[in-house]
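Have a look at protein16.cif below; it lists mmCIF, C-alpha atoms.
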```
data_target
#
loop_
_atom_site.label_atom_id
_atom_site.label_comp_id
_atom_site.auth_asym_id
_atom_site.auth_seq_id
_atom_site.Cartn_x
_atom_site.Cartn_y
_atom_site.Cartn_z
CA MET A 1 60.52 169.31 -147.66
CA LYS A 2 59.46 168.90 -144.06
CA ASN A 3 57.04 166.13 -144.99
CA PHE A 4 59.75 164.44 -147.01
CA PHE A 5 61.98 164.26 -143.92
CA LYS A 6 59.12 162.91 -141.86
CA ILE A 7 58.52 160.14 -144.39
CA ILE A 8 62.23 159.28 -144.44
CA ILE A 9 62.32 159.07 -140.62
CA ILE A 10 59.22 156.89 -140.52
CA ALA A 11 60.67 154.62 -143.22
CA ALA A 12 63.93 154.37 -141.29
CA PHE A 13 62.01 153.33 -138.18
CA GLY A 14 60.18 150.74 -140.24
CA VAL A 15 63.44 149.31 -141.55
CA MET A 16 64.87 149.27 -138.03
CA LEU A 17 61.88 147.52 -136.46
CA TYR A 18 61.09 145.11 -139.32
CA PRO A 19 63.65 142.45 -138.23
CA LEU A 20 61.92 142.27 -134.82
CA PHE A 21 58.59 141.63 -136.51
CA ASP A 22 60.14 139.19 -138.97
CA SER A 23 61.98 137.10 -136.41
CA PHE A 24 59.03 136.86 -134.02
CA SER A 25 57.71 133.39 -133.52
CA GLY A 26 55.25 132.32 -130.88
CA ASN A 27 56.92 130.72 -127.90
CA GLY A 28 55.51 127.32 -127.01
CA GLN A 29 57.58 127.05 -123.83
CA LEU A 30 58.38 129.32 -120.92
CA ASN A 31 61.74 131.01 -121.11
CA ASP A 32 64.51 130.25 -118.61
CA LEU A 33 63.55 132.82 -115.96
CA ALA A 34 59.84 132.00 -116.08
CA SER A 35 60.46 128.27 -115.89
CA PHE A 36 62.70 128.84 -112.86
CA TYR A 37 59.79 130.50 -111.06
CA ALA A 38 57.29 127.92 -112.32
CA GLN A 39 59.22 124.80 -111.30
CA LYS A 40 57.58 122.63 -108.69
CA GLU A 41 59.98 123.20 -105.76
CA ASN A 42 59.74 126.98 -106.06
CA VAL A 43 55.95 126.94 -106.32
CA GLU A 44 55.79 124.82 -103.17
CA LYS A 45 58.17 127.19 -101.43
CA VAL A 46 55.72 130.09 -101.69
CA ASN A 47 52.49 128.04 -101.87
CA SER A 48 50.62 130.72 -103.80
CA ALA A 49 48.05 129.90 -106.49
CA ASN A 50 48.76 133.12 -108.40
CA LEU A 51 52.36 132.84 -109.52
CA VAL A 52 52.53 136.48 -110.64
CA THR A 53 51.75 137.64 -107.10
CA ALA A 54 54.33 135.23 -105.69
CA VAL A 55 56.99 136.69 -107.98
CA VAL A 56 55.97 140.30 -107.30
CA VAL A 57 55.82 140.00 -103.51
CA THR A 58 58.56 137.50 -102.69
CA TYR A 59 61.20 137.12 -105.40
CA ARG A 60 60.85 140.71 -106.58
CA GLY A 61 59.64 142.13 -103.27
CA LEU A 62 62.31 144.79 -103.22
CA ASP A 63 61.06 146.12 -106.56
CA THR A 64 57.55 146.32 -105.12
CA LEU A 65 58.93 148.30 -102.20
CA GLY A 66 60.57 150.64 -104.70
CA GLU A 67 57.32 151.10 -106.61
CA VAL A 68 55.46 151.85 -103.39
CA THR A 69 58.14 154.40 -102.48
CA ILE A 70 57.85 156.10 -105.89
CA LEU A 71 54.07 156.30 -105.50
CA PHE A 72 54.49 157.75 -102.01
CA LEU A 73 56.90 160.40 -103.35
CA THR A 74 54.49 161.28 -106.16
CA ALA A 75 51.60 161.72 -103.73
CA ALA A 76 53.78 163.80 -101.40
CA ILE A 77 54.96 166.10 -104.21
CA ILE A 78 51.41 166.60 -105.52
CA ALA A 79 50.16 167.38 -102.01
CA PHE A 80 53.04 169.83 -101.60
CA PHE A 81 52.22 171.79 -104.75
CA LEU A 82 48.44 171.84 -104.48
CA THR A 83 47.54 174.37 -101.84
CA LYS A 84 44.00 174.22 -100.56
CA GLN A 85 41.64 177.07 -101.34
CA SER A 86 39.82 178.47 -98.38
CA GLU A 87 36.82 179.84 -100.27
CA VAL A 88 33.70 177.71 -100.19
CA ARG A 89 32.54 176.80 -103.66
CA THR A 90 28.88 176.70 -104.52
CA LEU A 91 28.34 173.81 -106.84
CA ARG A 92 25.41 172.77 -108.93
CA ARG A 93 23.63 169.77 -107.42
CA ASN A 94 24.12 166.59 -109.37
CA SER A 95 21.15 164.84 -110.89
CA GLU A 96 19.12 162.49 -108.71
CA ILE A 97 19.86 159.51 -110.96
CA PHE A 98 23.62 159.99 -110.72
CA GLN A 99 23.52 160.42 -106.94
CA THR A 100 21.35 157.36 -106.39
CA ALA A 101 23.46 155.24 -108.72
CA ALA A 102 26.62 156.41 -106.96
CA ARG A 103 25.14 155.55 -103.55
CA LEU A 104 24.36 152.07 -104.83
CA LEU A 105 27.67 151.49 -106.60
CA ILE A 106 30.28 152.95 -104.23
CA PRO A 107 30.08 150.21 -101.54
CA VAL A 108 30.08 147.49 -104.21
CA ILE A 109 33.16 148.95 -105.94
CA ILE A 110 35.02 149.26 -102.63
CA MET A 111 34.14 145.66 -101.81
CA VAL A 112 35.44 144.48 -105.21
CA GLY A 113 38.68 146.35 -104.56
CA VAL A 114 39.08 144.74 -101.13
CA TYR A 115 38.30 141.33 -102.63
CA ILE A 116 40.95 141.85 -105.30
CA PHE A 117 43.74 142.63 -102.86
CA ILE A 118 42.80 140.12 -100.16
CA ASN A 119 42.61 137.32 -102.75
CA GLY A 120 45.77 138.55 -104.49
CA HIS A 121 47.57 135.25 -103.92
CA LEU A 122 44.66 133.16 -105.21
CA SER A 123 43.09 135.05 -108.12
CA PRO A 124 44.39 137.62 -110.61
CA GLY A 125 45.11 141.05 -109.20
CA GLY A 126 46.75 142.26 -106.04
CA GLY A 127 47.56 145.31 -104.01
CA PHE A 128 48.03 147.80 -106.81
CA GLN A 129 44.94 146.73 -108.74
CA GLY A 130 42.75 146.61 -105.64
CA GLY A 131 44.01 150.00 -104.51
CA ALA A 132 43.26 151.51 -107.92
CA VAL A 133 39.72 150.09 -107.83
CA ILE A 134 39.16 151.58 -104.35
CA ALA A 135 40.48 154.93 -105.60
CA SER A 136 38.01 154.82 -108.50
CA ALA A 137 35.21 154.39 -105.94
CA VAL A 138 36.53 157.49 -104.14
CA ILE A 139 36.51 159.38 -107.47
CA LEU A 140 32.87 158.43 -107.99
CA MET A 141 32.11 159.67 -104.46
CA LEU A 142 33.87 163.00 -105.08
CA LEU A 143 32.08 163.46 -108.41
CA ALA A 144 28.65 162.61 -107.07
CA PHE A 145 28.89 164.52 -103.76
CA PRO A 146 31.49 167.28 -104.31
CA ASN A 147 30.62 169.11 -101.10
CA MET A 148 31.22 166.13 -98.87
CA PRO A 149 34.12 166.75 -96.47
CA PHE A 150 37.14 164.62 -97.31
CA ASN A 151 39.36 163.73 -94.37
CA SER A 152 42.74 163.73 -96.08
CA LYS A 153 44.54 163.46 -92.73
CA LEU A 154 42.92 160.09 -92.05
CA PHE A 155 43.89 158.89 -95.52
CA GLY A 156 47.45 160.08 -94.93
CA LEU A 157 47.51 158.21 -91.64
CA ILE A 158 46.28 154.98 -93.30
CA GLU A 159 48.89 155.44 -96.01
CA SER A 160 51.87 155.92 -93.71
CA THR A 161 50.79 153.18 -91.29
CA SER A 162 50.42 150.68 -94.15
CA GLY A 163 53.83 151.61 -95.52
CA LEU A 164 55.41 151.18 -92.07
CA VAL A 165 53.72 147.79 -91.58
CA PHE A 166 54.97 146.65 -95.00
CA VAL A 167 58.56 147.56 -94.14
CA GLY A 168 58.12 146.12 -90.62
CA ILE A 169 56.99 142.73 -91.97
CA ALA A 170 59.90 142.81 -94.37
CA PHE A 171 62.30 143.42 -91.47
CA LEU A 172 60.70 140.63 -89.42
CA GLY A 173 61.97 138.37 -92.19
CA VAL A 174 65.52 139.42 -91.29
CA LEU A 175 64.97 138.77 -87.57
CA ILE A 176 63.01 135.51 -87.73
CA GLY A 177 63.52 134.10 -91.22
CA THR A 178 66.34 133.97 -93.70
CA GLY A 179 66.37 137.52 -95.02
CA PHE A 180 64.60 140.74 -95.98
CA LEU A 181 61.03 140.07 -97.17
CA ASP A 182 61.22 136.38 -96.30
CA ASN A 183 57.87 134.81 -97.10
CA ALA A 184 58.07 131.87 -94.71
CA ILE A 185 57.96 133.66 -91.34
CA LEU A 186 54.29 132.64 -91.16
CA PRO A 187 53.08 129.05 -91.77
CA LEU A 188 52.50 128.47 -95.46
CA GLY A 189 49.13 126.78 -94.87
CA THR A 190 47.15 124.74 -97.36
CA PHE A 191 47.47 125.57 -101.04
CA GLY A 192 44.49 127.62 -102.20
CA GLU A 193 43.14 128.79 -98.86
CA LEU A 194 42.61 132.45 -97.95
CA LEU A 195 45.16 132.44 -95.12
CA SER A 196 48.01 130.68 -96.84
CA ALA A 197 51.21 131.53 -98.71
CA GLY A 198 52.91 133.04 -95.65
CA THR A 199 53.05 136.82 -95.57
CA ILE A 200 51.82 137.43 -99.15
CA PRO A 201 48.14 138.18 -98.30
CA ILE A 202 49.13 140.42 -95.37
CA ILE A 203 51.71 142.39 -97.35
CA TYR A 204 49.39 142.73 -100.33
CA SER A 205 46.49 143.90 -98.15
CA PHE A 206 48.65 146.69 -96.74
CA VAL A 207 49.97 147.57 -100.21
CA GLY A 208 46.36 147.77 -101.40
CA LEU A 209 45.34 150.05 -98.52
CA LYS A 210 48.39 152.25 -99.14
CA VAL A 211 47.85 152.57 -102.89
CA GLY A 212 44.14 153.23 -102.46
CA ALA A 213 44.72 155.93 -99.84
CA GLU A 214 47.49 157.57 -101.89
CA LEU A 215 45.51 157.72 -105.14
CA SER A 216 42.42 158.98 -103.27
CA ASN A 217 44.51 161.72 -101.68
CA ILE A 218 45.89 162.79 -105.08
CA ILE A 219 42.39 162.91 -106.57
CA SER A 220 40.89 164.84 -103.68
CA GLY A 221 43.82 167.27 -103.80
CA LEU A 222 43.16 167.92 -107.48
CA GLN A 223 39.45 168.26 -106.80
CA SER A 224 39.97 170.79 -104.01
CA VAL A 225 41.96 173.19 -106.20
CA GLN A 226 39.32 173.33 -108.92
CA ALA A 227 38.21 176.88 -109.54
CA ASP A 228 34.68 178.01 -110.26
CA ASN A 229 33.78 178.72 -113.83
CA MET B 1 41.02 132.13 -135.76
CA ASN B 2 38.12 133.80 -133.98
CA PHE B 3 40.53 135.00 -131.32
CA LEU B 4 42.80 136.47 -133.99
CA ILE B 5 39.92 138.38 -135.62
CA ILE B 6 38.80 139.85 -132.29
CA SER B 7 42.36 140.88 -131.44
CA ILE B 8 42.87 142.57 -134.81
CA LEU B 9 39.52 144.37 -134.49
CA LEU B 10 40.50 145.59 -131.03
CA GLY B 11 43.84 146.78 -132.39
CA ILE B 12 42.14 148.72 -135.19
CA LEU B 13 39.71 150.26 -132.69
CA MET B 14 42.63 151.31 -130.52
CA LEU B 15 44.32 152.96 -133.51
CA VAL B 16 41.10 154.80 -134.38
CA MET B 17 40.75 156.03 -130.78
CA ALA B 18 44.38 157.18 -130.78
CA GLY B 19 43.78 159.07 -134.03
CA ILE B 20 40.71 160.77 -132.56
CA ALA B 21 42.65 161.65 -129.42
CA ILE B 22 45.35 163.36 -131.48
CA TYR B 23 43.37 165.04 -134.24
CA HIS B 24 40.01 165.97 -132.74
CA LYS B 25 39.53 169.70 -132.18
CA SER B 26 37.54 169.40 -128.97
CA MET B 27 39.74 168.60 -125.97
CA VAL B 28 36.90 166.83 -124.11
CA VAL B 29 36.37 164.36 -126.97
CA ALA B 30 40.13 163.76 -127.15
CA ILE B 31 40.32 162.92 -123.43
CA ILE B 32 37.33 160.58 -123.60
CA SER B 33 38.75 158.78 -126.62
CA ALA B 34 42.06 158.35 -124.81
CA GLY B 35 40.10 156.71 -121.98
CA ALA B 36 38.31 154.47 -124.46
CA LEU B 37 41.69 153.52 -125.93
CA SER B 38 42.75 152.31 -122.48
CA LEU B 39 39.54 150.34 -122.13
CA PHE B 40 40.10 148.51 -125.44
CA ALA B 41 43.73 147.93 -124.45
CA SER B 42 42.59 146.32 -121.20
CA ILE B 43 40.25 143.97 -123.12
CA LEU B 44 43.18 143.07 -125.36
CA TYR B 45 45.37 142.35 -122.31
CA LEU B 46 42.64 140.06 -120.97
CA LEU B 47 42.55 138.17 -124.27
CA LEU B 48 46.34 137.87 -124.20
CA ALA B 49 46.07 136.14 -120.78
CA ALA B 50 47.33 139.02 -118.64
CA PRO B 51 44.40 139.69 -116.26
CA ASP B 52 46.61 141.51 -113.72
CA VAL B 53 47.71 144.08 -116.28
CA ALA B 54 44.15 144.33 -117.64
CA MET B 55 42.84 145.27 -114.18
CA THR B 56 45.46 147.97 -113.73
CA GLU B 57 44.84 149.36 -117.20
CA ALA B 58 41.06 149.46 -116.71
CA ALA B 59 41.22 151.13 -113.29
CA ILE B 60 44.11 153.54 -113.81
CA GLY B 61 44.23 154.05 -117.59
CA SER B 62 40.55 154.57 -118.28
CA GLY B 63 39.34 155.59 -114.82
CA LEU B 64 41.82 157.64 -112.84
CA SER B 65 43.85 159.26 -115.62
CA THR B 66 40.74 160.37 -117.54
CA ILE B 67 39.40 162.13 -114.46
CA ILE B 68 42.80 163.69 -113.72
CA PHE B 69 42.96 164.98 -117.31
CA PHE B 70 39.51 166.52 -116.88
CA TYR B 71 40.50 168.20 -113.62
CA VAL B 72 43.65 169.60 -115.22
CA LEU B 73 41.75 170.72 -118.32
CA ASN B 74 39.22 172.57 -116.18
CA ARG B 75 42.04 174.21 -114.23
CA ILE B 76 43.92 175.30 -117.39
CA ARG B 77 40.75 176.61 -119.00
CA THR B 78 39.85 178.85 -116.06
CA THR B 79 43.36 180.32 -115.80
CA ASP B 80 43.39 180.94 -119.56
CA GLU B 81 40.05 182.75 -119.38
CA LYS B 82 41.26 184.89 -116.49
CA LYS B 83 44.38 185.85 -118.42
CA GLU B 84 42.40 186.82 -121.49
CA ASP B 85 40.03 188.90 -119.37
CA GLY B 86 42.99 190.67 -117.78
CA GLU B 87 44.45 191.57 -121.16
CA MET B 88 41.16 192.99 -122.37
CA GLU B 89 40.73 195.34 -119.46
#
```

If you convert what's in this file into structure tokens, what do you get?
Amino acid sequence: MKNFFKIIIIAAFGVMLYPLFDSFSGNGQLNDLASFYAQKENVEKVNSANLVTAVVVTYRGLDTLGEVTILFLTAAIIAFFLTKQSEVRTLRRNSEIFQTAARLLIPVIIMVGVYIFINGHLSPGGGFQGGAVIASAVILMLLAFPNMPFNSKLFGLIESTSGLVFVGIAFLGVLIGTGFLDNAILPLGTFGELLSAGTIPIIYSFVGLKVGAELSNIISGLQSVQADN
Amino acid sequence: MNFLIISILLGILMLVMAGIAIYHKSMVVAIISAGALSLFASILYLLLAAPDVAMTEAAIGSGLSTIIFFYVLNRIRTTDEKKEDGEME
């Protein structure tokens, strides 16, 4: 009887979702909103090679600020609930291969993360992706060398400074430019160069630092409350 | 056509990984297969011309969240064992 109901529910979902599948046809053109962002005047206004970044940081900059705030709240709540244990844990030493590989890979991974967020306006990726890559390097560090001291205060300082700089640049747009998060308070530069597209690379670098520091703090908090087996 | 075949294969692999994640008895295998699911999803995003999303999925979906699941699993396991020991005594 129970299984019968399950099958009926699944069939009902199928009937509900089938029209979506049936009416789907590949779209050869951009839709209205996307073509508004992709038209020539608007691309020249932000001068960024990666249109996704331009949309995320300038047109939808307020949404990015909201996302950053949510991430900050999450990190704060996790740090609030995870209380540090004072006892010193004796851990098994990791294997030599893992430690050597981690020593080799960690700087490279951090460099890739920094590359991703500094070149956010030129190549795919941006602050969030770069920050996540940096945090994965920190995870590797914590897994390979669990007894290494982790300065969570420094990471918290980086995090809050980056957030303040982000909001500060956004407010400079009100004072100098036309409004909150105005992109054009800095010269737009030549299309495709590292220092171009106004404030996008600066804002995205700080977003990257902030996200990386926040995720690293969350991970190290979770690592520090691990109990011995 | 080639593109279509690769995409369908990736989709089937993702479904298999999801099945393993739900039905496997060992929690460790389930967590690893959930991470692998994210990895295949990120390849699929790359094929569908969304490199930004693919990067996020690869770093957060298969990197960070897998490790967080392992940390939480370890934490739950130790508290469970302590509780069982307490009941026995």

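Between CA of Gly19 in chain B and CA of Thr66 in chain B there is a distance of 16.8 Å.
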
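Evaluated against this file, the PyMOL selection byres ((chain B) within 8 of (chain A)) yields Pro51, Asp52, Met55, Thr56, Ala59, Ile60, Gly63, Leu64, Ile68, Tyr71, Val72, Asn74, Arg75 and Thr78 of chain B.
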
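The gap separating CA of Leu104 in chain A from CA of Leu154 in chain A is 23.9 Å, in Å to one decimal.
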
For Gly212 in chain A, which residue out of A:Phe155, A:Phe191, A:Phe166, A:Phe36 is the nearest one, using only C-alpha atoms? A:Phe155

Spell out the residues picked by the PyMOL selection byres ((chain B and resi 3-6) around 12) here, as a list in words. Met1, Asn2, Ser7, Ile8, Leu9, Leu10, Gly11, Ile12, Leu13, Phe40, Ile43, Leu44, Leu46, Leu47, Leu48 and Ala49 of chain B

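Interatomic distance, CA of His121 in chain A to CA of Ala54 in chain A: 7.0 Å.
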
For the structure shown, which residues end up in the PyMOL selection byres ((chain A and resi 206) around 8)? Put them as a PyMOL selection string, please? chain A and resi 127+162-163+165-166+202-205+207-210

So which residues fall inside 10 Å of (41.3, 136.9, -95.6) if we count all atoms listed in the file? Mind giving them as a VMD selection string? chain A and resid 114 to 115 117 to 119 193 to 196 201 to 202 205

Atoms are missing here; could range 126-145 of chain A be completed with N, CA and C atoms and written as an mmCIF file, in the coordinates of the input?
```cif
data_model
loop_
_atom_site.group_PDB
_atom_site.id
_atom_site.type_symbol
_atom_site.label_atom_id
_atom_site.label_comp_id
_atom_site.auth_asym_id
_atom_site.auth_seq_id
_atom_site.Cartn_x
_atom_site.Cartn_y
_atom_site.Cartn_z
ATOM 1 N N GLY A 126 45.916 142.146 -107.230
ATOM 2 C CA GLY A 126 46.750 142.260 -106.040
ATOM 3 C C GLY A 126 46.628 143.657 -105.477
ATOM 4 N N GLY A 127 47.627 144.052 -104.727
ATOM 5 C CA GLY A 127 47.560 145.310 -104.010
ATOM 6 C C GLY A 127 47.352 146.508 -104.898
ATOM 7 N N PHE A 128 48.132 146.614 -105.975
ATOM 8 C CA PHE A 128 48.030 147.800 -106.810
ATOM 9 C C PHE A 128 46.677 147.880 -107.495
ATOM 10 N N GLN A 129 46.221 146.731 -108.038
ATOM 11 C CA GLN A 129 44.940 146.730 -108.740
ATOM 12 C C GLN A 129 43.799 147.032 -107.780
ATOM 13 N N GLY A 130 43.809 146.369 -106.614
ATOM 14 C CA GLY A 130 42.750 146.610 -105.640
ATOM 15 C C GLY A 130 42.729 148.059 -105.171
ATOM 16 N N GLY A 131 43.932 148.598 -104.936
ATOM 17 C CA GLY A 131 44.010 150.000 -104.510
ATOM 18 C C GLY A 131 43.463 150.933 -105.567
ATOM 19 N N ALA A 132 43.761 150.654 -106.847
ATOM 20 C CA ALA A 132 43.260 151.510 -107.920
ATOM 21 C C ALA A 132 41.741 151.433 -108.000
ATOM 22 N N VAL A 133 41.184 150.234 -107.784
ATOM 23 C CA VAL A 133 39.720 150.090 -107.830
ATOM 24 C C VAL A 133 39.083 150.886 -106.689
ATOM 25 N N ILE A 134 39.697 150.808 -105.485
ATOM 26 C CA ILE A 134 39.160 151.580 -104.350
ATOM 27 C C ILE A 134 39.234 153.073 -104.657
ATOM 28 N N ALA A 135 40.350 153.505 -105.266
ATOM 29 C CA ALA A 135 40.480 154.930 -105.600
ATOM 30 C C ALA A 135 39.420 155.345 -106.604
ATOM 31 N N SER A 136 39.049 154.436 -107.536
ATOM 32 C CA SER A 136 38.010 154.820 -108.500
ATOM 33 C C SER A 136 36.662 154.965 -107.791
ATOM 34 N N ALA A 137 36.435 154.186 -106.722
ATOM 35 C CA ALA A 137 35.210 154.390 -105.940
ATOM 36 C C ALA A 137 35.237 155.766 -105.266
ATOM 37 N N VAL A 138 36.423 156.169 -104.777
ATOM 38 C CA VAL A 138 36.530 157.490 -104.140
ATOM 39 C C VAL A 138 36.282 158.597 -105.155
ATOM 40 N N ILE A 139 36.771 158.399 -106.408
ATOM 41 C CA ILE A 139 36.510 159.380 -107.470
ATOM 42 C C ILE A 139 35.008 159.544 -107.676
ATOM 43 N N LEU A 140 34.323 158.393 -107.769
ATOM 44 C CA LEU A 140 32.870 158.430 -107.990
ATOM 45 C C LEU A 140 32.195 159.203 -106.856
ATOM 46 N N MET A 141 32.683 158.977 -105.612
ATOM 47 C CA MET A 141 32.110 159.670 -104.460
ATOM 48 C C MET A 141 32.331 161.178 -104.588
ATOM 49 N N LEU A 142 33.573 161.572 -104.979
ATOM 50 C CA LEU A 142 33.870 163.000 -105.080
ATOM 51 C C LEU A 142 33.098 163.654 -106.215
ATOM 52 N N LEU A 143 32.831 162.885 -107.292
ATOM 53 C CA LEU A 143 32.080 163.460 -108.410
ATOM 54 C C LEU A 143 30.617 163.586 -108.064
ATOM 55 N N ALA A 144 30.081 162.597 -107.338
ATOM 56 C CA ALA A 144 28.650 162.610 -107.070
ATOM 57 C C ALA A 144 28.317 163.587 -105.944
ATOM 58 N N PHE A 145 29.162 163.642 -104.902
ATOM 59 C CA PHE A 145 28.890 164.520 -103.760
ATOM 60 C C PHE A 145 30.099 165.433 -103.546
#
```
